[in-house]
Amino acid sequence: MTPSDLAALQAAADAAAAYRRDIAVAEHTPVADYRTIHAAFAAPVPEEPGDSAAIIDELVRLATPGIRAQTGPRFFGWVIGHSHPVGVAADWLASAWGQNAANVTAAPAAAAVEAVACDWVLDLLDLPRDASVGVVTGATVANFVCLAAARSEVLRRTGWDVEADGLFGAPPVTVLIGADAHATVYSGLKYLGLGARRVREVACDDLGRILPDAFAAALDESDGPVIAILQAGQINTGGCDPFDALVPMAHARGAWVHVDGAFGLWAQAAPARKHLTAGVEAADSWATDGHKWLQTPYDCGFAIVRDAGAHARAMAISASYLPPAEGSDRDPSTYVPELSRRARGFATWATIKALGRSGIAEMVERNCAVAVHMAACLDAEPGIAAVVPVTLNQFMVRFGDDDALTLATVEQIQRDGVAFFGASQWRGQWVLRASVCSMATTMAEGETSVAAVIDAWRKVQAR
Ligand SMILES: *Cc1c(COP(=O)(O)O)cnc(C)c1O
């Protein structure tokens, strides 16, 4: 540890604090693009050792123009949380402590804090308290892990050991999935040999929620083992499947029910929105994110499985040099695909402690109220129309009922830089798609952003 190493740690902390102080008020001025930043960094491999403090200074100087204000209060692109400052601080320590959080003997504090954080997540989401939880990089991997447990269990019930014998020759598994499911669930099916195309898609309503009659018919027509994939929080509409109706039907058929609830599952943590996910706790597995609505820093997701045995069967790694966990000790790597891994429990623990149950409920409810209000204000403006009713935190509007005008307005908003929104396609048409899921977004910030959207729309019309 040289004086320059110490200076580098201090410089990183100072730069981070200054960035977060400024971003709280900064406008979304356009960021430098990939090529500009790439050109600034492109260089041959350094032949000689460098000075730590100078390296951090250079990183901050060259990268900052390309840092998008994702943690700002008027950022509505994709579905991106705030990276809570205390979560970030805890995450720095996870790096500084340099813990390999694979194994309880190697990293007792990382394993223990993660176990506590997992219990808190189950409590906040009101899921079975004895479910097992794997802390992964995000909902993509959480979906993969949960579906691996599902695959293991539905095949085990037919007498097939998929972990040992693979899928060749196994009884075919039917996968039912809502027609408006997230792309990453199909990735999970792809990785697992279940096939992204070899699924039966079930029809959905205008909010992308599975239609119970269509689901019942699909179950009736399925042979052999069945995995049914439901969703809490459709990426465009925020719609949640009617779990109350669907889960009992699937269970009566002996199906495993998995729920992709990357952000929408957090409706469970807000009493005023919990009716939207009624019945979700009866499912068999759930994927959700920490880095979306819980506001942890990247990367953080949770793979939650009711049947801890199936979860461990699908994921556990054993090797002679890895001491087995004793008694009630919990090895983090038993529930995830990785062995060496980041100690994500520290940031999750710190973020939940900072917000508290009431803070999380208030934030989720506020974000939903802001989304409803923003969509209503925009819908009241001539030429702007809300696409579907807002039930959660996602909303869509179209401009002039026209794809080109809609895309031009989104581009104008991004150029103006007061707020950031992205475009998406819904039912074959381009829309502005907004996600309100940052603890920094207040009603006032929502109104400022609405004004920016209306201003951009007027500019587009004036052309
Ligand atoms: C974001 C999202 C995912 C993927 O989550 P990552 O954290 O990006 O891996 C999956 N499903 C839904 C519904 C999502 O919103």
# chains A, B, ... in the order shown; residues from 1 in each chain; ligands from 1
>>> closest_atom_pairs(of="chain A", to="ligand 1", cutoff="10 Å", atoms="only C-alpha atoms and all ligand atoms", output="Markdown table")
| residue | atom | partner | partner_atom_place_in_ligand_line | distance |
| --- | --- | --- | --- | --- |
| A:Trp78 | CA | ligand 1 | 1 (C) | 7.9 |
| A:Val79 | CA | ligand 1 | 1 (C) | 6.3 |
| A:Ile80 | CA | ligand 1 | 1 (C) | 8.3 |
| A:Val136 | CA | ligand 1 | 9 (O) | 9.1 |
| A:Thr137 | CA | ligand 1 | 9 (O) | 6.8 |
| A:Gly138 | CA | ligand 1 | 7 (O) | 3.6 |
| A:Ala139 | CA | ligand 1 | 5 (O) | 3.8 |
| A:Thr140 | CA | ligand 1 | 9 (O) | 3.6 |
| A:Val141 | CA | ligand 1 | 9 (O) | 6.2 |
| A:Ala142 | CA | ligand 1 | 9 (O) | 7.6 |
| A:Asn143 | CA | ligand 1 | 10 (C) | 7.5 |
| A:Phe144 | CA | ligand 1 | 9 (O) | 10.0 |
| A:Asp180 | CA | ligand 1 | 13 (C) | 9.6 |
| A:Ala181 | CA | ligand 1 | 13 (C) | 7.1 |
| A:His182 | CA | ligand 1 | 11 (N) | 5.0 |
| A:Ala183 | CA | ligand 1 | 10 (C) | 7.2 |
| A:Thr184 | CA | ligand 1 | 10 (C) | 5.4 |
| A:Val185 | CA | ligand 1 | 10 (C) | 6.7 |
| A:Tyr186 | CA | ligand 1 | 10 (C) | 9.8 |
| A:Ser187 | CA | ligand 1 | 10 (C) | 9.9 |
| A:Gln231 | CA | ligand 1 | 13 (C) | 6.9 |
| A:Ala232 | CA | ligand 1 | 13 (C) | 7.1 |
| A:Gly233 | CA | ligand 1 | 13 (C) | 5.8 |
| A:Gln234 | CA | ligand 1 | 13 (C) | 5.5 |
| A:Ile235 | CA | ligand 1 | 15 (O) | 5.1 |
| A:Asn236 | CA | ligand 1 | 15 (O) | 8.8 |
| A:Gly238 | CA | ligand 1 | 13 (C) | 8.6 |
| A:Gly239 | CA | ligand 1 | 13 (C) | 9.9 |
| A:Cys240 | CA | ligand 1 | 13 (C) | 9.9 |
| A:Val259 | CA | ligand 1 | 13 (C) | 9.5 |
| A:Asp260 | CA | ligand 1 | 11 (N) | 5.7 |
| A:Gly261 | CA | ligand 1 | 13 (C) | 5.9 |
| A:Ala262 | CA | ligand 1 | 12 (C) | 4.6 |
| A:Phe263 | CA | ligand 1 | 15 (O) | 5.8 |
| A:Gly264 | CA | ligand 1 | 13 (C) | 7.4 |
| A:Leu265 | CA | ligand 1 | 13 (C) | 9.5 |
| A:Ala287 | CA | ligand 1 | 10 (C) | 8.0 |
| A:Thr288 | CA | ligand 1 | 5 (O) | 7.6 |
| A:Asp289 | CA | ligand 1 | 7 (O) | 5.6 |
| A:Gly290 | CA | ligand 1 | 7 (O) | 8.0 |
| A:His291 | CA | ligand 1 | 7 (O) | 6.9 |
| A:Lys292 | CA | ligand 1 | 7 (O) | 7.2 |
| A:Tyr298 | CA | ligand 1 | 7 (O) | 8.7 |
| A:Asp299 | CA | ligand 1 | 7 (O) | 7.6 |
| A:Cys300 | CA | ligand 1 | 7 (O) | 7.3 |
| A:Gly301 | CA | ligand 1 | 7 (O) | 6.4 |
| A:Phe302 | CA | ligand 1 | 7 (O) | 9.4 |
| A:Ser435 | CA | ligand 1 | 15 (O) | 9.8 |
>>> residues_around(residues="stretch 370-375 of chain A", least_positions_apart="4", cutoff="8 Å", atoms="only C-alpha atoms", output="VMD selection string")
chain A and resid 366 379 386 390 to 397 435 to 436 442 to 443 446 to 447 450
>>> closest_residue(among="A:Gly309, A:Pro225, A:Leu230, A:Ala444", to="A:Arg157", atoms="only C-alpha atoms")
A:Pro225
>>> residues_around(residues="stretch 344-354 of chain A", least_positions_apart="5", cutoff="10 Å", atoms="only C-alpha atoms", output="JSON, numbers by chain")
{"A": [83, 84, 85, 86, 87, 88, 89, 90, 91, 92, 93, 94, 101, 109, 110, 111, 112, 113, 114, 115, 116, 117, 118, 120, 121, 124, 135, 136, 137, 290, 291, 294, 295, 296, 297, 298, 299, 300, 301, 332, 359, 360]}
>>> atom_distance(atom1="atom CA of A:Ala385", atom2="atom CA of A:Arg398")
5.4 Å
>>> atom_distance(atom1="atom CA of A:Ala250", atom2="atom CA of A:Phe168")
25.8 Å
>>> select_by_dssp(residues="stretch 329-412 of chain A", states="helix (DSSP H, G or I)", output="PyMOL selection string")
chain A and resi 332-335+345-379+403-412
>>> select_by_dssp(residues="stretch 179-313 of chain A", states="strand (DSSP E or B)", output="number ranges by chain")
A: 200-202, 204, 210, 226-232, 240, 256-260, 285-289, 301-305
>>> atom_distance(atom1="atom CA of A:Gly356", atom2="atom CA of A:Ala269")
10.8 Å
>>> residues_around(residues="A:Ala150", least_positions_apart="4", cutoff="10 Å", atoms="only C-alpha atoms", output="PDB file with C-alpha atoms, in the first residue's frame")
ATOM      1  CA  PHE A 144     -32.217 -18.508 -15.049  1.00  0.00           C
ATOM      2  CA  VAL A 145     -31.535 -19.829 -11.530  1.00  0.00           C
ATOM      3  CA  CYS A 146     -35.231 -20.202 -10.671  1.00  0.00           C
ATOM      4  CA  VAL A 154     -40.460 -31.175 -12.499  1.00  0.00           C
ATOM      5  CA  LEU A 155     -38.123 -33.758 -14.022  1.00  0.00           C
ATOM      6  CA  ARG A 156     -37.204 -35.302 -10.659  1.00  0.00           C
ATOM      7  CA  VAL A 226     -45.128 -28.251 -16.916  1.00  0.00           C
ATOM      8  CA  ILE A 227     -43.375 -25.015 -15.948  1.00  0.00           C
ATOM      9  CA  ALA A 228     -45.631 -21.929 -16.028  1.00  0.00           C
ATOM     10  CA  ALA A 255     -47.060 -27.316 -12.685  1.00  0.00           C
ATOM     11  CA  TRP A 256     -44.164 -25.348 -11.204  1.00  0.00           C
ATOM     12  CA  VAL A 257     -45.039 -21.648 -11.178  1.00  0.00           C
ATOM     13  CA  HIS A 258     -42.236 -19.148 -11.665  1.00  0.00           C
ATOM     14  CA  ASP A 284     -42.840 -21.750  -6.439  1.00  0.00           C
ATOM     15  CA  SER A 285     -40.107 -19.319  -7.438  1.00  0.00           C
ATOM     16  CA  VAL A 305     -37.153 -20.594  -4.494  1.00  0.00           C
ATOM     17  CA  ASP A 307     -38.134 -25.609  -2.421  1.00  0.00           C
ATOM     18  CA  ALA A 310     -34.457 -28.035  -5.692  1.00  0.00           C
ATOM     19  CA  HIS A 311     -32.597 -24.721  -5.622  1.00  0.00           C
ATOM     20  CA  ALA A 314     -29.618 -27.028  -9.462  1.00  0.00           C
TER      21      ALA A 314
END
>>> residues_around(residues="A:Gly422", least_positions_apart="5", cutoff="7 Å", atoms="only C-alpha atoms", output="PyMOL selection string")
chain A and resi 77-78+410+432-434
>>> closest_residue(among="A:Arg273, A:His38, A:Arg342, A:Arg463", to="A:Gly98", atoms="only C-alpha atoms")
A:Arg342
>>> residues_around(residues="A:Leu211", least_positions_apart="2", cutoff="12 Å", atoms="only C-alpha atoms", output="list of chain:residue names")
A:Ile177, A:Gly178, A:Ala179, A:Asp180, A:Glu201, A:Val202, A:Ala203, A:Cys204, A:Asp205, A:Asp206, A:Leu207, A:Gly208, A:Arg209, A:Asp213, A:Ala214, A:Phe215, A:Ala216, A:Ala217, A:Ala218, A:Leu230, A:Cys240, A:Asp241, A:Pro242, A:Phe243, A:Ala245, A:Leu246
>>> residues_around(residues="A:Pro323", least_positions_apart="2", cutoff="8 Å", atoms="only C-alpha atoms", output="short mmCIF file (atom, residue, chain, number, x, y, z; two decimals) with C-alpha atoms, in the first residue's frame")
data_model
loop_
_atom_site.label_atom_id
_atom_site.label_comp_id
_atom_site.auth_asym_id
_atom_site.auth_seq_id
_atom_site.Cartn_x
_atom_site.Cartn_y
_atom_site.Cartn_z
CA ASN A 103 -17.99 -19.68 0.92
CA THR A 105 -15.42 -20.26 5.84
CA SER A 320 -12.63 -31.17 -2.05
CA TYR A 321 -10.95 -27.86 -1.21
CA ALA A 325 -21.06 -25.29 5.54
#
